[in-house]
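Notes follow once the structure below has been shown.
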Amino acid sequence: MGNKQKKKNKKERKKNQKIESMLNGPNEKKQVKILILGTGESGKSTFVKQIHLIHKDGFDTKTRERFKIAIHFNLIKGLQDLIEGLPLIRKNVQKSLSEVAQDFLQLNPRTGLTTTIIDAVESLWADESIKEMYEQRSLIQIPSSTNYFLDSLERISKNDYLPNDNDIIMCRIPTTGINQVQFEDQGLQWSLIDVGGQRSERRKWIHHFDNVSIVFYVIALDEYDQALYENIEINRMTESLDLLSQTLGNQIFRKTPCFLIFNKFDLFQKKIKKVDLNVCFKKYKGGKNEQNALNFIYKTFKKAVSSKKRNINCFSSIGTETDNVCQVLKQVQESVKRNSPHILSSLNQI
Ligand SMILES: Nc1nc2c(ncn2[C@@H]2O[C@H](COP(=O)(O)OP(=O)(O)OP(=O)(O)O)[C@@H](O)[C@H]2O)c(=O)[nH]1
Ligand SMILES: [Mg+2]
């Protein structure tokens with residue numbers, strides 16, 4: 001074998017070793033580790049659920065059965081929240097509150113759906129005052145998917161009900177600890193780490209700050225007129241903005257590419273027609289115009305973290321739509337290749 005051929009073989013072997021260790025090896029540095037941050041209920045875990053549908057085998061029966069319990073909990077608790085909120089929109093409501101509603105408030109939301117409860121849900125959800133409270137839900141703390149489950153009562157209360165993919169995507173379970181999902185795409189191992197966003201969960205974040213390749217910071221676009229679950233004196237979007245500058249201000253992330261994912265675009269599109277963004281940002285003068293409001297939000301969040309060294313990318317998303325999340329992920333991967341090739345350097349060196 002000539003010298004040239006030997007060199008060629010050696011190069012080939014090295015290349016194969018690199019691919020192998022990149023795809024199978026325990027070496028974490030070969031992984032693209034994406035840390036998903038953001039305040040509670042912004043939609044972080046919904047992204048992880050979507051990855052299970054896009055890149056994994058979806059949800060098995062055991063998982064679906066677990067979600068069934070959580071969905072029934074979401075339904076009962078959501079309706080209780082609506083009943084409890086009624087005094088905010090109607091005077092003397094306690095006197096006029098029907099016996100059904102009074103009894104419903106006494107339920108343990110983990111009870112599950114009995115025939116009596118199903119009948120009560122049906123009549124309460126048809127009630128005008130409850131519907132009006134739902135329209136004004138920004139005044140209270142209620143998951144955005146409550147109406148989805150209330151509207152699906154007939155289907156989800158059947159004895160043999162097993163949640164479909166969409167039901168699981170819509171189900172709200174606040175994260176405590178972390179969720180992690182890994183998948184292979186474009187010859188790389190992608191690892192998504194999803195943490196709990198509520199205040200009590202954030203002190204755990206620091207444990208996951210090492211070797212982060214990319215930060216996804218998720219912001220719920222529709223939360224600009226809502227109070228924080230943990231402290232009703234604080235606006236949710238303001239909290240998200242403050243948290244972003246605090247977190248990305250950490251030295252460890254000074255060169256880490258960051259993607260701002262402006263989620264719940266569907267809910268934002270509906271809300272901005274009715275509620276001016278200036279309820280949150282006094283400086284905003286663009287009225288109830290979708291594009292003006294979106295530009296202002298993008299600019300404000302980018303300004304909170306921009307620096308010469310950091311490249312900030314903004315995407316709007318609808319976390320509940322698989323195709324949309326797929327698109328966003330593709331755009332992120334393209335952007336990483338274009339603007340931050342050092343992340344993929346293990347691939348490029350081959
Ligand atoms: N309509 C709509 N709902 C969404 C969207 N993204 C997420 N949701 C819903 O928002 C709720 C909260 O989403 P999660 O993914 O649990 O939020 P999270 O950021 O993980 O919250 P924590 O775990 O508390 O930090 C769920 O009921 C989702 O179905 C979206 O783009 N549009
Ligand atoms: Mg979560």
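Residues are referred to by chain and number: the chain letter is A, B, ... according to the order shown in the structure tokens, the number counts from 1 in that chain, and ligands are numbered separately from 1 in the order shown.
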### Task
Considering only C-alpha atoms, return as a list in words whatever protein or nucleic-acid residues lie within 10 Å of Ala70 (chain A), sequence-local ones (same chain, fewer than 2 positions apart) excluded.
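My list of contacting residues is Arg64, Glu65, Arg66, Phe67, Lys68, His72, Phe73, Asn74, Leu75, Pro109, Arg110, Gly112, Ile168, Cys171, Arg172 and Ile173 of chain A.
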Could you write those residues out with N, CA and C atoms, as an mmCIF file, in the first residue's frame?
data_model
loop_
_atom_site.group_PDB
_atom_site.id
_atom_site.type_symbol
_atom_site.label_atom_id
_atom_site.label_comp_id
_atom_site.auth_asym_id
_atom_site.auth_seq_id
_atom_site.Cartn_x
_atom_site.Cartn_y
_atom_site.Cartn_z
ATOM 1 N N ARG A 64 -50.665 7.793 27.934
ATOM 2 C CA ARG A 64 -52.000 8.340 27.632
ATOM 3 C C ARG A 64 -52.927 8.183 28.843
ATOM 4 N N GLU A 65 -52.805 7.051 29.556
ATOM 5 C CA GLU A 65 -53.656 6.841 30.736
ATOM 6 C C GLU A 65 -53.331 7.852 31.841
ATOM 7 N N ARG A 66 -52.023 8.159 31.959
ATOM 8 C CA ARG A 66 -51.631 9.164 32.964
ATOM 9 C C ARG A 66 -52.205 10.531 32.608
ATOM 10 N N PHE A 67 -52.166 10.848 31.318
ATOM 11 C CA PHE A 67 -52.696 12.138 30.882
ATOM 12 C C PHE A 67 -54.216 12.217 31.048
ATOM 13 N N LYS A 68 -54.884 11.065 30.957
ATOM 14 C CA LYS A 68 -56.348 11.060 31.127
ATOM 15 C C LYS A 68 -56.717 11.652 32.498
ATOM 16 N N HIS A 72 -58.811 15.227 33.123
ATOM 17 C CA HIS A 72 -60.031 15.351 33.928
ATOM 18 C C HIS A 72 -59.811 16.359 35.058
ATOM 19 N N PHE A 73 -58.600 16.363 35.600
ATOM 20 C CA PHE A 73 -58.258 17.362 36.634
ATOM 21 C C PHE A 73 -58.318 18.772 36.028
ATOM 22 N N ASN A 74 -57.690 18.951 34.848
ATOM 23 C CA ASN A 74 -57.698 20.256 34.148
ATOM 24 C C ASN A 74 -59.140 20.754 33.979
ATOM 25 N N LEU A 75 -60.025 19.837 33.587
ATOM 26 C CA LEU A 75 -61.409 20.211 33.295
ATOM 27 C C LEU A 75 -62.144 20.688 34.554
ATOM 28 N N PRO A 109 -60.836 18.287 42.807
ATOM 29 C CA PRO A 109 -60.689 18.151 41.349
ATOM 30 C C PRO A 109 -60.055 16.838 40.908
ATOM 31 N N ARG A 110 -59.526 16.080 41.877
ATOM 32 C CA ARG A 110 -58.948 14.782 41.504
ATOM 33 C C ARG A 110 -59.990 13.664 41.527
ATOM 34 N N GLY A 112 -62.242 12.787 39.524
ATOM 35 C CA GLY A 112 -62.544 12.080 38.271
ATOM 36 C C GLY A 112 -63.962 12.418 37.853
ATOM 37 N N ILE A 168 -53.190 15.523 24.644
ATOM 38 C CA ILE A 168 -51.963 15.519 25.459
ATOM 39 C C ILE A 168 -51.220 16.845 25.295
ATOM 40 N N CYS A 171 -52.984 19.483 27.347
ATOM 41 C CA CYS A 171 -53.069 19.276 28.798
ATOM 42 C C CYS A 171 -52.004 20.086 29.536
ATOM 43 N N ARG A 172 -52.399 20.685 30.639
ATOM 44 C CA ARG A 172 -51.482 21.519 31.417
ATOM 45 C C ARG A 172 -51.022 20.781 32.672
ATOM 46 N N ILE A 173 -49.730 20.495 32.740
ATOM 47 C CA ILE A 173 -49.141 19.957 33.972
ATOM 48 C C ILE A 173 -47.895 20.792 34.262
#
### Query
How would you write, as a ChimeraX atom specification, the set of residues no farther than 6 Å from ligand 1 when counting only C-alpha atoms and all ligand atoms?
/A:39-46,143-145,169-175,196-198,263-267,317-320
### Query
Hey, what does DSSP flag as strand (DSSP E) within region 37-264 of chain A? Can you give it to me as number ranges by chain?
A: 37-38, 178-185, 188-195, 214-220, 258-263
With N, CA and C atoms kept, could you save the residues just selected as an mmCIF file, in the first residue's frame?
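This went into result-v9.cif:
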data_model
loop_
_atom_site.group_PDB
_atom_site.id
_atom_site.type_symbol
_atom_site.label_atom_id
_atom_site.label_comp_id
_atom_site.auth_asym_id
_atom_site.auth_seq_id
_atom_site.Cartn_x
_atom_site.Cartn_y
_atom_site.Cartn_z
ATOM 1 N N LEU A 37 -35.739 27.671 28.565
ATOM 2 C CA LEU A 37 -36.066 28.477 29.741
ATOM 3 C C LEU A 37 -37.285 29.360 29.455
ATOM 4 N N GLY A 38 -37.813 29.947 30.503
ATOM 5 C CA GLY A 38 -38.968 30.838 30.345
ATOM 6 C C GLY A 38 -39.838 30.741 31.579
ATOM 7 N N ILE A 178 -37.082 18.402 35.992
ATOM 8 C CA ILE A 178 -36.817 18.593 34.560
ATOM 9 C C ILE A 178 -37.418 17.487 33.693
ATOM 10 N N ASN A 179 -37.628 17.839 32.437
ATOM 11 C CA ASN A 179 -37.993 16.884 31.392
ATOM 12 C C ASN A 179 -36.840 16.885 30.424
ATOM 13 N N GLN A 180 -36.470 15.730 29.916
ATOM 14 C CA GLN A 180 -35.376 15.718 28.945
ATOM 15 C C GLN A 180 -35.764 14.821 27.784
ATOM 16 N N VAL A 181 -35.449 15.263 26.584
ATOM 17 C CA VAL A 181 -35.695 14.405 25.432
ATOM 18 C C VAL A 181 -34.515 14.524 24.478
ATOM 19 N N GLN A 182 -34.098 13.384 23.930
ATOM 20 C CA GLN A 182 -32.967 13.396 22.985
ATOM 21 C C GLN A 182 -33.439 12.848 21.658
ATOM 22 N N PHE A 183 -32.924 13.402 20.594
ATOM 23 C CA PHE A 183 -33.258 12.855 19.279
ATOM 24 C C PHE A 183 -32.105 13.096 18.313
ATOM 25 N N GLU A 184 -32.131 12.310 17.261
ATOM 26 C CA GLU A 184 -31.095 12.442 16.250
ATOM 27 C C GLU A 184 -31.661 13.138 15.040
ATOM 28 N N ASP A 185 -30.932 14.101 14.539
ATOM 29 C CA ASP A 185 -31.373 14.763 13.316
ATOM 30 C C ASP A 185 -30.162 15.387 12.652
ATOM 31 N N LEU A 188 -26.731 14.656 14.013
ATOM 32 C CA LEU A 188 -26.332 15.134 15.343
ATOM 33 C C LEU A 188 -27.297 14.647 16.409
ATOM 34 N N GLN A 189 -26.793 14.578 17.651
ATOM 35 C CA GLN A 189 -27.643 14.276 18.793
ATOM 36 C C GLN A 189 -28.133 15.603 19.347
ATOM 37 N N TRP A 190 -29.425 15.782 19.396
ATOM 38 C CA TRP A 190 -29.970 17.000 19.989
ATOM 39 C C TRP A 190 -30.558 16.607 21.330
ATOM 40 N N SER A 191 -30.248 17.393 22.336
ATOM 41 C CA SER A 191 -30.775 17.073 23.662
ATOM 42 C C SER A 191 -31.506 18.300 24.198
ATOM 43 N N LEU A 192 -32.798 18.137 24.459
ATOM 44 C CA LEU A 192 -33.587 19.269 24.951
ATOM 45 C C LEU A 192 -33.831 19.107 26.444
ATOM 46 N N ILE A 193 -33.499 20.128 27.192
ATOM 47 C CA ILE A 193 -33.722 20.090 28.641
ATOM 48 C C ILE A 193 -34.788 21.124 28.970
ATOM 49 N N ASP A 194 -35.882 20.650 29.532
ATOM 50 C CA ASP A 194 -37.026 21.517 29.854
ATOM 51 C C ASP A 194 -37.154 21.624 31.370
ATOM 52 N N VAL A 195 -37.127 22.840 31.879
ATOM 53 C CA VAL A 195 -37.200 23.035 33.331
ATOM 54 C C VAL A 195 -38.532 23.681 33.707
ATOM 55 N N ILE A 214 -27.179 25.906 23.137
ATOM 56 C CA ILE A 214 -28.165 26.895 22.697
ATOM 57 C C ILE A 214 -29.184 27.102 23.815
ATOM 58 N N VAL A 215 -29.623 28.346 23.984
ATOM 59 C CA VAL A 215 -30.731 28.592 24.914
ATOM 60 C C VAL A 215 -31.980 28.933 24.104
ATOM 61 N N PHE A 216 -33.070 28.237 24.426
ATOM 62 C CA PHE A 216 -34.388 28.632 23.902
ATOM 63 C C PHE A 216 -35.054 29.376 25.047
ATOM 64 N N TYR A 217 -35.465 30.598 24.812
ATOM 65 C CA TYR A 217 -36.210 31.296 25.867
ATOM 66 C C TYR A 217 -37.633 31.482 25.347
ATOM 67 N N VAL A 218 -38.582 30.869 26.044
ATOM 68 C CA VAL A 218 -39.966 30.878 25.550
ATOM 69 C C VAL A 218 -40.793 31.953 26.273
ATOM 70 N N ILE A 219 -41.479 32.736 25.454
ATOM 71 C CA ILE A 219 -42.318 33.826 25.972
ATOM 72 C C ILE A 219 -43.738 33.599 25.464
ATOM 73 N N ALA A 220 -44.719 33.661 26.354
ATOM 74 C CA ALA A 220 -46.110 33.537 25.893
ATOM 75 C C ALA A 220 -46.575 34.912 25.440
ATOM 76 N N CYS A 258 -28.819 32.464 21.543
ATOM 77 C CA CYS A 258 -30.114 32.413 22.220
ATOM 78 C C CYS A 258 -31.236 32.626 21.212
ATOM 79 N N PHE A 259 -32.228 31.784 21.298
ATOM 80 C CA PHE A 259 -33.393 31.930 20.422
ATOM 81 C C PHE A 259 -34.587 32.340 21.278
ATOM 82 N N LEU A 260 -35.170 33.464 20.928
ATOM 83 C CA LEU A 260 -36.369 33.882 21.649
ATOM 84 C C LEU A 260 -37.571 33.311 20.901
ATOM 85 N N ILE A 261 -38.281 32.424 21.567
ATOM 86 C CA ILE A 261 -39.437 31.791 20.929
ATOM 87 C C ILE A 261 -40.701 32.466 21.471
ATOM 88 N N PHE A 262 -41.317 33.259 20.627
ATOM 89 C CA PHE A 262 -42.531 33.974 21.046
ATOM 90 C C PHE A 262 -43.722 33.071 20.745
ATOM 91 N N ASN A 263 -44.147 32.392 21.781
ATOM 92 C CA ASN A 263 -45.133 31.320 21.620
ATOM 93 C C ASN A 263 -46.570 31.826 21.818
#
#### Entry: Per-residue DSSP, region 71-203 of chain A, filtered to helix (DSSP H, G or I), as a ChimeraX atom specification
/A:71-88,93-96,99-105,115-125,128-135,137-139,146-151,153-156,165-170,199-203
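Each of A:Glu201, A:Asn159, A:Gln102, A:Asp57 was checked against ligand 2 using only C-alpha atoms and all ligand atoms; the smallest atom-to-atom distance is that of A:Glu201.
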### Query
If we count only C-alpha atoms, what is near Asn147 (chain A) at a cut-off of 12 Å, once residues fewer than 3 positions away on the same chain are taken out, given as a VMD selection string?
chain A and resid 71 74 to 79 82 121 125 to 126 130 to 131 133 to 135 137 142 to 144 150 to 153 170 to 171
### Query
Closest to ligand 2 among A:Arg254, A:Lys302, A:Lys62, A:Arg202, using only C-alpha atoms and all ligand atoms?
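Under the stated criterion, the closest residue is A:Arg202.
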### Task
Within 8 Å of Asn289 (chain A), counting only C-alpha atoms, which residues show up once you throw out same-chain ones fewer than 4 positions away? Write them as a list in words, please.
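My list of contacting residues is Ile272, Lys273 and Ala293 of chain A.
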